[in-house]
Amino acid sequence: MNKFLHSIFFLFLYLSVDAQELDKAVQPANSDLQIAGQYFKQEEYLKALDFLDDLLEKSRNIQAYEMGLTCYLALEDYDNAIDLAKDWSKRIPGQKNRFDVDELSVYLLTKEERKAERKFENILEIITKQPNQAYFYGKALQDKGYPKMALLAYEEALKKESRLNFDYQMAQLYGELGDIKKMYDNYIAMIERTPGYLPTIKMFLAQGISADKPDDENTLYLKEELIKKIQAGGAPQLNELLIHVFTQENNFRGAFLQLKALDRRNAIAPGQLNSLAKIAFNAEEYTLAASIYQYVMEKGEADGFYQGAVLGYLSARKAEQSQKAETQPKDWANLAEEYEKYRLAFQGDPYQGEVILGLVDIYAYRLNRQDTAAQILQGMFTKGFLGPEDIARGQIAYADLLLYQGKRWDAIIYYRKAEKLLERSPIGQEAKFKRAKAAYYVGDFQWSQGIFKILKESTSKLIANDAMQYSLLITDNMALDSTTEALETYAKADLLFYRGKLDSALYYLALFDVAFPDHPILDEALLMKGDIYFKQKNFTEAERAWQKIVADHSKEILADDALYRLANLQINQYASSEKAMEYFERIFIEYSDSFYAAEARNSYRNLRGDQLN
């Protein structure tokens with residue numbers, strides 16, 4: 001046993017001594033590289049080379065090589081740079097492509113054209129014998145900034161072995177060279193060879209196709225080529241790519257026509273039409289969205305996407321109606337009849353909840369039939385086939401209606417019911433926020449403030465942001481006004497604004513000029529006054545109210561809100577890009593921390609005509 005222990009001890013001692021010797025050998029090398037790196041950063045290249053000397057002569061450390069090559073080039077010592085590349089090409093034959101291209105780059109840098117030609121011919125000879133080497137040489141040439149040579153390398157390999165695939169690499173190179181048509185050809189070839197590339201190609205195209213350039217010749221070429229391939233029986237993924245191109249151009253009608261043609265041949269994926277309709281809806285192309293949904297509906301109730309198409313169609317029709325400058329009660333009445341038709345058709349179907357919510361909104365706020373809306377909503381609460389989400393949304397809608405009618409305490413009760421039903425969900429958070437807001441309307445500021453503070457941490461950014469605004473409103477004004485009279489007056493105006501009683505709201509806001517001329521809440525009152533005038537289409541008064549905030553309350557937190565409204569007013573009502581640019585510029589310069597700063601900067605650049613990525 002003792003002999004065994006002695007053996008182990010001497011073996012350990014031997015290994016320890018050997019390890020120490022190894023450390024002594026490695027440590028100076030690492031130390032030399034670090035010191036060389038410090039001199040390199042200071043652009044003291046001769047000193048850096050002094051510490052790199054042994055490494056460049058004996059090691060296989062690529063970091064040392066790259067540093068040494070750069071030092072020689074910076075010192076214009078081209079002969080040593082070439083010798084270094086040649087030497088390392090022999091030392092590490094597995095990376096010969098890197099060193100060959102470095103040697104070529106020195107010849108090109110020194111304009112030794114004949115030597116550069118011979119070196120490139122040598123590279124092509126290697127590829128001719130071993131076509132797979134094109135992957136490595138092509139990448140090295142591209143990384144070094146020689147896209148034309150990289151393309152020639154790939155083309156040489158394809159002459160010898162046509163089964164090799166360089167579509168992705170060549171597409172990148174054509175893009176670098178500005179040959180967009182050939183880049184698109186390679187994208188198409190990529191999908192034909194490997195359909196799984198479709199999401200990647202979609203991403204690339206999203207960066208290059210703009211809705212602002214519908215007649216771009218390269219995009220027209222891509223569409224023409226895709227249509228040719230599709231008509232010749234090309235891969236089904238080409239259909240999806242063509243529709244993606246139309247969508248990127250915001251040419252949803254073109255995409256719809258293409259999808260219809262494919263649908264007649266049963267050549268589209270399930271749900272593609274509904275997806276396109278949703279995209280058109282989000283782009284505010286409501287009439288077209290309704291047409292697409294209607295096309296799906298015409299397939300009949302047996303179609304798996306029928307119910308979704310009905311809901312989408314009704315929502316699109318409602319949004320289309322709201323978008324019109326002027327609407328007549330009969331137009332809303334006709335739309336309500338359509339909703340009623342599907343409410344009856346969906347009896348016993350969970351989809352009925354969505355139909356009911358759209359219908360009561362029309363009855364309550366478009367046709368002034370609040371009693372009818374209330375009756376439908378009350379009937380909704382007893383329908384066993386509706387899920388808790390629809391019931392909770394119905395309770396919120398009913399509470400909104402009660403609040404609109406001035407029944408504030410009753411509204412609070414129903415908000416609370418919806419909140420309890422889905423307490424931890426976004427719907428429950430919405431109900432909680434509205435309950436706090438209803439309490440704020442009736443002047444119970446401390447209680448509502450407690451809820452707003454909790455909701456500042458809501459998972460919904462919109463609710464969290466709104467809760468923070470109301471929390472700040474109450475905190476700032478209760479601290480400075482022991483009677484809360486100004487805040488109560490503002491809350492009354494806020495409730496009247498919500499209820500659509502705009503003239504009554506303006507009456508309360510007018511009191512601020514007389515009763516509270518120096519109160520901190522004055523900028524809030526001016527912002528609301530501008531919003532009301534805007535809703536009444538009294539743009540002159542809206543502009544005056546918002547400009548007063550900018551002029552008299554530029555240090556307050558709503559100054560950027562006022563500037564943002566003024567900028568959009570100039571664009572949408574007065575078509576004054578110059579004035580809008582002035583307002584946007586003030587936002588991102590004077591209020592750089594503003595919620596609107598990034599959007600204002602982009603809008604400013606867009607109006608100036610900058611090319612945005």
# chains A, B, ... in the order shown; residues from 1 in each chain; ligands from 1
>>> residues_around(residues="region 600-605 of chain A", least_positions_apart="6", cutoff="12 Å", atoms="only C-alpha atoms", output="PyMOL selection string")
chain A and resi 560-561+563-568+571+577-594+611-613
>>> residues_around(residues="region 307-309 of chain A", least_positions_apart="6", cutoff="9 Å", atoms="only C-alpha atoms", output="PyMOL selection string")
chain A and resi 274+277+290+292-297+301+346+351
>>> write_last_selection(atoms="N, CA and C atoms", output="compact mmCIF listing (two decimals), in the first residue's frame")
# COMPACT_ATOMS: atom_id res chain seq x y z
N ASN A 274 -58.95 34.22 -45.31
CA ASN A 274 -59.27 34.94 -44.08
C ASN A 274 -58.06 35.72 -43.57
N ALA A 277 -57.76 38.84 -45.62
CA ALA A 277 -58.81 39.78 -45.23
C ALA A 277 -58.43 40.51 -43.94
N ALA A 290 -64.13 43.32 -46.41
CA ALA A 290 -65.50 42.80 -46.40
C ALA A 290 -65.75 41.92 -47.63
N ILE A 292 -63.53 40.15 -49.33
CA ILE A 292 -62.82 38.87 -49.19
C ILE A 292 -63.57 37.95 -48.24
N TYR A 293 -64.02 38.50 -47.10
CA TYR A 293 -64.78 37.68 -46.15
C TYR A 293 -66.07 37.18 -46.79
N GLN A 294 -66.72 38.03 -47.60
CA GLN A 294 -67.97 37.63 -48.25
C GLN A 294 -67.72 36.48 -49.23
N TYR A 295 -66.58 36.51 -49.92
CA TYR A 295 -66.21 35.44 -50.84
C TYR A 295 -66.12 34.11 -50.09
N VAL A 296 -65.53 34.14 -48.90
CA VAL A 296 -65.41 32.93 -48.08
C VAL A 296 -66.80 32.48 -47.63
N MET A 297 -67.64 33.43 -47.25
CA MET A 297 -69.00 33.10 -46.78
C MET A 297 -69.80 32.39 -47.86
N GLU A 301 -71.90 27.30 -45.14
CA GLU A 301 -71.68 27.09 -43.71
C GLU A 301 -70.82 25.88 -43.42
N PHE A 346 -76.76 32.27 -35.55
CA PHE A 346 -75.77 31.71 -34.62
C PHE A 346 -76.37 31.36 -33.26
N TYR A 351 -70.11 31.64 -31.33
CA TYR A 351 -69.79 32.82 -32.13
C TYR A 351 -70.82 33.93 -31.96
>>> residues_around(residues="Glu117 (chain A)", least_positions_apart="2", cutoff="12 Å", atoms="only C-alpha atoms", output="PyMOL selection string")
chain A and resi 103-105+107-108+111-115+119-124+149
>>> closest_residue(among="A:Ala232, A:Leu164, A:Ala336, A:Ala491", to="Ala373 (chain A)", atoms="only C-alpha atoms")
A:Ala336
>>> closest_residue(among="A:Asn186, A:Gln142, A:Ser458, A:Asn97", to="Ile126 (chain A)", atoms="only C-alpha atoms")
A:Asn97
>>> residues_around(residues="Tyr137 (chain A)", least_positions_apart="3", cutoff="9 Å", atoms="only C-alpha atoms", output="mmCIF file with C-alpha atoms, in the first residue's frame")
data_model
loop_
_atom_site.group_PDB
_atom_site.id
_atom_site.type_symbol
_atom_site.label_atom_id
_atom_site.label_comp_id
_atom_site.auth_asym_id
_atom_site.auth_seq_id
_atom_site.Cartn_x
_atom_site.Cartn_y
_atom_site.Cartn_z
ATOM 1 C CA LYS A 96 -5.803 27.660 -47.591
ATOM 2 C CA ASN A 97 -8.781 29.559 -49.050
ATOM 3 C CA ARG A 98 -8.399 32.336 -46.440
ATOM 4 C CA ASP A 100 -4.979 32.588 -50.876
ATOM 5 C CA VAL A 101 -7.593 35.340 -50.865
ATOM 6 C CA ILE A 123 -8.017 29.746 -57.262
ATOM 7 C CA ILE A 127 -12.295 24.977 -57.769
ATOM 8 C CA GLN A 133 -14.022 24.346 -52.561
ATOM 9 C CA ALA A 134 -16.212 27.109 -54.062
ATOM 10 C CA ALA A 140 -13.630 34.293 -48.331
ATOM 11 C CA LEU A 141 -13.871 36.480 -51.447
ATOM 12 C CA GLN A 142 -17.230 37.897 -50.383
ATOM 13 C CA ALA A 150 -17.002 35.358 -55.542
ATOM 14 C CA ALA A 153 -15.957 31.169 -58.161
ATOM 15 C CA TYR A 154 -19.484 29.839 -57.735
#
>>> decode(residues="region 308-387 of chain A", atoms="C-alpha atoms", output="PDB file, in the first residue's frame")
ATOM      1  CA  GLY A 308     -64.797  33.528 -38.748  1.00  0.00           C
ATOM      2  CA  ALA A 309     -65.563  35.059 -42.141  1.00  0.00           C
ATOM      3  CA  VAL A 310     -68.999  36.214 -40.917  1.00  0.00           C
ATOM      4  CA  LEU A 311     -67.501  37.941 -37.888  1.00  0.00           C
ATOM      5  CA  GLY A 312     -64.791  39.514 -40.033  1.00  0.00           C
ATOM      6  CA  TYR A 313     -67.335  40.645 -42.620  1.00  0.00           C
ATOM      7  CA  LEU A 314     -69.554  42.338 -40.029  1.00  0.00           C
ATOM      8  CA  SER A 315     -66.572  44.042 -38.359  1.00  0.00           C
ATOM      9  CA  ALA A 316     -65.312  45.266 -41.740  1.00  0.00           C
ATOM     10  CA  ARG A 317     -68.733  46.608 -42.706  1.00  0.00           C
ATOM     11  CA  LYS A 318     -68.991  48.403 -39.352  1.00  0.00           C
ATOM     12  CA  ALA A 319     -65.512  49.910 -39.698  1.00  0.00           C
ATOM     13  CA  GLU A 320     -66.282  50.887 -43.303  1.00  0.00           C
ATOM     14  CA  GLN A 321     -69.410  52.698 -42.139  1.00  0.00           C
ATOM     15  CA  SER A 322     -67.529  54.483 -39.345  1.00  0.00           C
ATOM     16  CA  GLN A 323     -64.867  55.608 -41.808  1.00  0.00           C
ATOM     17  CA  LYS A 324     -67.345  57.536 -43.968  1.00  0.00           C
ATOM     18  CA  ALA A 325     -67.396  61.310 -43.601  1.00  0.00           C
ATOM     19  CA  GLU A 326     -71.188  61.317 -43.318  1.00  0.00           C
ATOM     20  CA  THR A 327     -73.535  58.448 -42.528  1.00  0.00           C
ATOM     21  CA  GLN A 328     -77.309  58.328 -42.382  1.00  0.00           C
ATOM     22  CA  PRO A 329     -79.310  56.514 -39.671  1.00  0.00           C
ATOM     23  CA  LYS A 330     -80.775  54.259 -42.387  1.00  0.00           C
ATOM     24  CA  ASP A 331     -77.246  53.037 -43.239  1.00  0.00           C
ATOM     25  CA  TRP A 332     -76.714  51.965 -39.629  1.00  0.00           C
ATOM     26  CA  ALA A 333     -80.206  50.476 -39.508  1.00  0.00           C
ATOM     27  CA  ASN A 334     -79.419  48.354 -42.590  1.00  0.00           C
ATOM     28  CA  LEU A 335     -76.210  47.143 -40.999  1.00  0.00           C
ATOM     29  CA  ALA A 336     -78.064  46.350 -37.753  1.00  0.00           C
ATOM     30  CA  GLU A 337     -80.414  44.143 -39.823  1.00  0.00           C
ATOM     31  CA  GLU A 338     -77.421  42.187 -41.110  1.00  0.00           C
ATOM     32  CA  TYR A 339     -76.173  41.723 -37.559  1.00  0.00           C
ATOM     33  CA  GLU A 340     -79.646  40.574 -36.474  1.00  0.00           C
ATOM     34  CA  LYS A 341     -79.693  38.037 -39.292  1.00  0.00           C
ATOM     35  CA  TYR A 342     -76.495  36.392 -38.063  1.00  0.00           C
ATOM     36  CA  ARG A 343     -77.457  36.734 -34.399  1.00  0.00           C
ATOM     37  CA  LEU A 344     -80.424  34.484 -35.149  1.00  0.00           C
ATOM     38  CA  ALA A 345     -78.362  32.177 -37.386  1.00  0.00           C
ATOM     39  CA  PHE A 346     -75.766  31.714 -34.617  1.00  0.00           C
ATOM     40  CA  GLN A 347     -78.342  30.878 -31.946  1.00  0.00           C
ATOM     41  CA  GLY A 348     -76.732  28.295 -29.665  1.00  0.00           C
ATOM     42  CA  ASP A 349     -73.317  28.920 -31.246  1.00  0.00           C
ATOM     43  CA  PRO A 350     -70.451  30.463 -29.210  1.00  0.00           C
ATOM     44  CA  TYR A 351     -69.785  32.816 -32.128  1.00  0.00           C
ATOM     45  CA  GLN A 352     -73.025  34.628 -31.273  1.00  0.00           C
ATOM     46  CA  GLY A 353     -71.299  36.575 -28.494  1.00  0.00           C
ATOM     47  CA  GLU A 354     -69.140  38.492 -30.951  1.00  0.00           C
ATOM     48  CA  VAL A 355     -72.174  39.302 -33.107  1.00  0.00           C
ATOM     49  CA  ILE A 356     -74.145  40.578 -30.095  1.00  0.00           C
ATOM     50  CA  LEU A 357     -71.357  42.915 -28.985  1.00  0.00           C
ATOM     51  CA  GLY A 358     -71.112  44.496 -32.444  1.00  0.00           C
ATOM     52  CA  LEU A 359     -74.901  44.813 -32.705  1.00  0.00           C
ATOM     53  CA  VAL A 360     -75.442  46.504 -29.331  1.00  0.00           C
ATOM     54  CA  ASP A 361     -72.729  49.028 -30.150  1.00  0.00           C
ATOM     55  CA  ILE A 362     -74.755  50.079 -33.219  1.00  0.00           C
ATOM     56  CA  TYR A 363     -78.037  50.213 -31.310  1.00  0.00           C
ATOM     57  CA  ALA A 364     -76.601  52.139 -28.353  1.00  0.00           C
ATOM     58  CA  TYR A 365     -74.305  54.675 -29.989  1.00  0.00           C
ATOM     59  CA  ARG A 366     -75.406  54.917 -33.631  1.00  0.00           C
ATOM     60  CA  LEU A 367     -79.184  54.526 -33.561  1.00  0.00           C
ATOM     61  CA  ASN A 368     -79.840  55.954 -30.072  1.00  0.00           C
ATOM     62  CA  ARG A 369     -81.668  52.767 -29.039  1.00  0.00           C
ATOM     63  CA  GLN A 370     -80.049  52.262 -25.633  1.00  0.00           C
ATOM     64  CA  ASP A 371     -83.013  50.343 -24.227  1.00  0.00           C
ATOM     65  CA  THR A 372     -82.838  47.798 -27.073  1.00  0.00           C
ATOM     66  CA  ALA A 373     -79.097  47.429 -26.566  1.00  0.00           C
ATOM     67  CA  ALA A 374     -79.531  46.979 -22.797  1.00  0.00           C
ATOM     68  CA  GLN A 375     -82.216  44.321 -23.302  1.00  0.00           C
ATOM     69  CA  ILE A 376     -80.018  42.311 -25.694  1.00  0.00           C
ATOM     70  CA  LEU A 377     -77.048  42.497 -23.328  1.00  0.00           C
ATOM     71  CA  GLN A 378     -79.120  41.399 -20.306  1.00  0.00           C
ATOM     72  CA  GLY A 379     -80.318  38.390 -22.312  1.00  0.00           C
ATOM     73  CA  MET A 380     -76.709  37.560 -23.112  1.00  0.00           C
ATOM     74  CA  PHE A 381     -75.854  36.901 -19.446  1.00  0.00           C
ATOM     75  CA  THR A 382     -78.129  33.847 -19.272  1.00  0.00           C
ATOM     76  CA  LYS A 383     -76.922  32.093 -22.440  1.00  0.00           C
ATOM     77  CA  GLY A 384     -75.197  28.896 -21.334  1.00  0.00           C
ATOM     78  CA  PHE A 385     -73.456  28.330 -24.658  1.00  0.00           C
ATOM     79  CA  LEU A 386     -71.405  31.523 -24.306  1.00  0.00           C
ATOM     80  CA  GLY A 387     -68.039  31.289 -22.576  1.00  0.00           C
TER      81      GLY A 387
END
